[in-house]
Each structure stands twice: as C-alpha cells, then as structure tokens.
Amino acid sequence: MKKKEKKCPEVATCSVDYAFKRIGGKYKGRILWYLHQYNILRYGELSRTLPDITTKMLTQTLRELEADKLIDRKVYHEVPPKVEYTLTEIGNELIPFIIHLKEWGDKQLEKETQL
C-alpha cells in the first residue's frame with residue numbers, strides 16, 4: 001500500500017517563503033524594478049517594457065502584486081480608459097534588495113563573459 005503524499009500548504013511556513021511567494025516568478029521582480037525606475041507606468045508601457053510577457057500573464061501578475069499591496073492601480077474614468085501603476089510604500093521597501101540582486105547578477109554575468 002502506497003503512503004499518501006503530503007501536499008505543501010498554500011500558507012507560507014517561514015518569512016523567506018512568504019517573501020518569495022510575493023516577488024518570485026519570471027515577471028514580478030522586473031515589474032517592481034521598472035515601476036521604481038519610471039515611477040508611474042500605464043498598462044501599455046509595462047507591456048512594451050516586458051516584450052516576452054503575454055497579456056494574460058501581465059494582467060494576472062499585476063493583480064497579484066496589487067493583492068499583495070506592492071503596487072497601486074489608479075483608474076481614470078475617461079475614454080479611452082487610462083490605468084496607471086505605481087509602487088506602494090511596501091513595494092518601495094523591496095527596492096534595495098532588488099538593487100542588491102541586480103548588482104549580484106551584473107557581477108555573475110561579467111564573470112560568465114570572461115570565461
């Protein structure tokens with residue numbers, strides 16, 4: 001008889017797990033970085049900044065970042081519709097860590113090109 005496998009709970013079990021659930025993945029860190037660089041970006045600008053992301057994935061990722069209170073979404077009721085995204089205070093707290101990761105990545109890429 002096979003033993004039933006335990007599934008990982010969706011709830012974060014430690015602070016590192018909690019943090020990576022908020023910023024992990026292919027696009028979240030990049031979106032946070034670009035919002036830091038440009039302060040305010042509209043949906044189309046974000047889409048052009050991340051040419052490898054699909055419309056569905058960009059929408060889903062923005063919703064997750066908003067739900068985690070890392071970004072703000074401001075809707076202007078006009079025609080055509082206008083939506084702007086900015087970092088929240090909580091999102092801004094992550095920027096020093098993203099800068100550190102960027103610097104580490106720059107150093108590793110430089111080492112790889114020297115091989």
# chains A, B, ... in the order shown; residues from 1 in each chain; ligands from 1

call {"tool": "select_by_dssp", "arguments": {"residues": "region 3-114 of chain A", "states": "helix (DSSP H, G or I)", "output": "PyMOL selection string"}}
result
chain A and resi 15-23+28-38+43-49+55-67+89-93+95-114

call {"tool": "atom_distance", "arguments": {"atom1": "CA of Trp33 (chain A)", "atom2": "CA of Ile98 (chain A)"}}
result
7.2 Å

call {"tool": "closest_residue", "arguments": {"among": "A:Asp68, A:Thr13, A:Thr49, A:Ile90", "to": "Gln37 (chain A)", "atoms": "only C-alpha atoms"}}
result
A:Thr49

call {"tool": "residues_around", "arguments": {"residues": "Gly91 (chain A)", "least_positions_apart": "4", "cutoff": "10 Å", "atoms": "only C-alpha atoms", "output": "ChimeraX atom specification"}}
result
/A:23,32-33,35-36,65-66,68-72,86-87,95

call {"tool": "write_last_selection", "arguments": {"atoms": "N, CA, C and O atoms", "output": "compact mmCIF listing (two decimals), in the first residue's frame"}}
result
# COMPACT_ATOMS: atom_id res chain seq x y z
N ILE A 23 7.27 37.94 -4.51
CA ILE A 23 8.08 38.52 -5.58
C ILE A 23 8.68 37.49 -6.53
O ILE A 23 9.36 37.84 -7.48
N LEU A 32 8.38 45.36 -10.60
CA LEU A 32 8.72 46.23 -9.48
C LEU A 32 9.91 47.13 -9.83
O LEU A 32 9.91 48.32 -9.52
N TRP A 33 10.91 46.57 -10.50
CA TRP A 33 12.09 47.34 -10.88
C TRP A 33 11.73 48.47 -11.85
O TRP A 33 12.16 49.61 -11.67
N LEU A 35 8.80 49.87 -12.31
CA LEU A 35 7.99 50.89 -11.63
C LEU A 35 8.88 51.78 -10.76
O LEU A 35 8.62 52.97 -10.62
N HIS A 36 9.92 51.21 -10.20
CA HIS A 36 10.89 52.01 -9.44
C HIS A 36 11.61 52.98 -10.37
O HIS A 36 11.77 54.17 -10.04
N LEU A 65 0.36 41.39 -7.63
CA LEU A 65 1.16 42.43 -6.97
C LEU A 65 0.26 43.43 -6.25
O LEU A 65 0.60 43.91 -5.16
N GLU A 66 -0.88 43.73 -6.86
CA GLU A 66 -1.83 44.64 -6.21
C GLU A 66 -2.45 43.99 -4.98
O GLU A 66 -2.57 44.63 -3.93
N ASP A 68 -1.12 41.81 -3.11
CA ASP A 68 -0.09 41.76 -2.08
C ASP A 68 0.33 43.15 -1.59
O ASP A 68 1.27 43.27 -0.82
N LYS A 69 -0.36 44.17 -2.09
CA LYS A 69 -0.13 45.56 -1.69
C LYS A 69 1.27 46.07 -2.02
O LYS A 69 1.82 46.92 -1.33
N LEU A 70 1.85 45.55 -3.11
CA LEU A 70 3.16 46.00 -3.55
C LEU A 70 3.05 47.10 -4.60
O LEU A 70 3.98 47.89 -4.78
N ILE A 71 1.92 47.13 -5.32
CA ILE A 71 1.68 48.19 -6.30
C ILE A 71 0.28 48.75 -6.11
O ILE A 71 -0.60 48.09 -5.56
N ASP A 72 0.11 49.98 -6.58
CA ASP A 72 -1.22 50.62 -6.61
C ASP A 72 -1.67 50.71 -8.06
O ASP A 72 -0.85 50.92 -8.96
N THR A 86 1.80 52.26 -9.84
CA THR A 86 2.91 52.82 -9.07
C THR A 86 3.25 51.85 -7.94
O THR A 86 2.44 51.00 -7.57
N LEU A 87 4.44 52.02 -7.39
CA LEU A 87 4.82 51.23 -6.22
C LEU A 87 4.16 51.79 -4.98
O LEU A 87 4.02 53.00 -4.84
N ILE A 95 12.93 47.61 -2.97
CA ILE A 95 13.87 48.10 -3.99
C ILE A 95 15.34 47.92 -3.59
O ILE A 95 16.14 47.47 -4.41

call {"tool": "closest_residue", "arguments": {"among": "A:Met57, A:Leu41, A:Leu115, A:Val16", "to": "Tyr85 (chain A)", "atoms": "only C-alpha atoms"}}
result
A:Leu41

call {"tool": "decode", "arguments": {"residues": "region 52-78 of chain A", "atoms": "N, CA and C atoms", "output": "compact mmCIF listing (two decimals), in the first residue's frame"}}
result
# COMPACT_ATOMS: atom_id res chain seq x y z
N ASP A 52 8.37 39.93 -23.58
CA ASP A 52 8.19 38.48 -23.55
C ASP A 52 6.99 38.03 -22.71
N ILE A 53 6.18 38.97 -22.23
CA ILE A 53 5.03 38.62 -21.39
C ILE A 53 3.75 38.67 -22.21
N THR A 54 2.85 37.73 -21.94
CA THR A 54 1.56 37.74 -22.62
C THR A 54 0.61 38.69 -21.90
N THR A 55 -0.43 39.08 -22.58
CA THR A 55 -1.44 39.97 -21.98
C THR A 55 -2.04 39.31 -20.74
N LYS A 56 -2.37 38.03 -20.86
CA LYS A 56 -2.97 37.30 -19.73
C LYS A 56 -2.02 37.26 -18.53
N MET A 57 -0.74 36.97 -18.78
CA MET A 57 0.22 36.88 -17.68
C MET A 57 0.49 38.24 -17.06
N LEU A 58 0.55 39.29 -17.87
CA LEU A 58 0.76 40.64 -17.32
C LEU A 58 -0.40 41.03 -16.42
N THR A 59 -1.62 40.79 -16.89
CA THR A 59 -2.81 41.11 -16.10
C THR A 59 -2.80 40.33 -14.79
N GLN A 60 -2.52 39.04 -14.86
CA GLN A 60 -2.51 38.19 -13.66
C GLN A 60 -1.42 38.64 -12.68
N THR A 61 -0.24 38.93 -13.19
CA THR A 61 0.87 39.34 -12.34
C THR A 61 0.58 40.68 -11.67
N LEU A 62 0.02 41.63 -12.41
CA LEU A 62 -0.34 42.92 -11.83
C LEU A 62 -1.41 42.76 -10.75
N ARG A 63 -2.37 41.89 -10.97
CA ARG A 63 -3.40 41.65 -9.96
C ARG A 63 -2.79 41.06 -8.69
N GLU A 64 -1.85 40.12 -8.85
CA GLU A 64 -1.20 39.52 -7.68
C GLU A 64 -0.38 40.56 -6.92
N LEU A 65 0.36 41.39 -7.63
CA LEU A 65 1.16 42.43 -6.97
C LEU A 65 0.26 43.43 -6.25
N GLU A 66 -0.88 43.73 -6.86
CA GLU A 66 -1.83 44.64 -6.21
C GLU A 66 -2.45 43.99 -4.98
N ALA A 67 -2.82 42.72 -5.09
CA ALA A 67 -3.40 42.00 -3.95
C ALA A 67 -2.42 41.91 -2.78
N ASP A 68 -1.12 41.81 -3.11
CA ASP A 68 -0.09 41.76 -2.08
C ASP A 68 0.33 43.15 -1.59
N LYS A 69 -0.36 44.17 -2.09
CA LYS A 69 -0.13 45.56 -1.69
C LYS A 69 1.27 46.07 -2.02
N LEU A 70 1.85 45.55 -3.11
CA LEU A 70 3.16 46.00 -3.55
C LEU A 70 3.05 47.10 -4.60
N ILE A 71 1.92 47.13 -5.32
CA ILE A 71 1.68 48.19 -6.30
C ILE A 71 0.28 48.75 -6.11
N ASP A 72 0.11 49.98 -6.58
CA ASP A 72 -1.22 50.62 -6.61
C ASP A 72 -1.67 50.71 -8.06
N ARG A 73 -2.96 50.57 -8.24
CA ARG A 73 -3.58 50.68 -9.56
C ARG A 73 -4.56 51.83 -9.50
N LYS A 74 -4.34 52.85 -10.33
CA LYS A 74 -5.23 54.01 -10.35
C LYS A 74 -5.95 54.04 -11.69
N VAL A 75 -7.27 54.01 -11.63
CA VAL A 75 -8.09 54.01 -12.84
C VAL A 75 -8.67 55.41 -13.04
N TYR A 76 -8.49 55.94 -14.25
CA TYR A 76 -9.09 57.21 -14.62
C TYR A 76 -10.32 56.91 -15.46
N HIS A 77 -11.45 57.44 -15.06
CA HIS A 77 -12.70 57.18 -15.77
C HIS A 77 -12.83 58.15 -16.94
N GLU A 78 -12.21 57.76 -18.03
CA GLU A 78 -12.24 58.57 -19.24
C GLU A 78 -12.22 57.63 -20.44
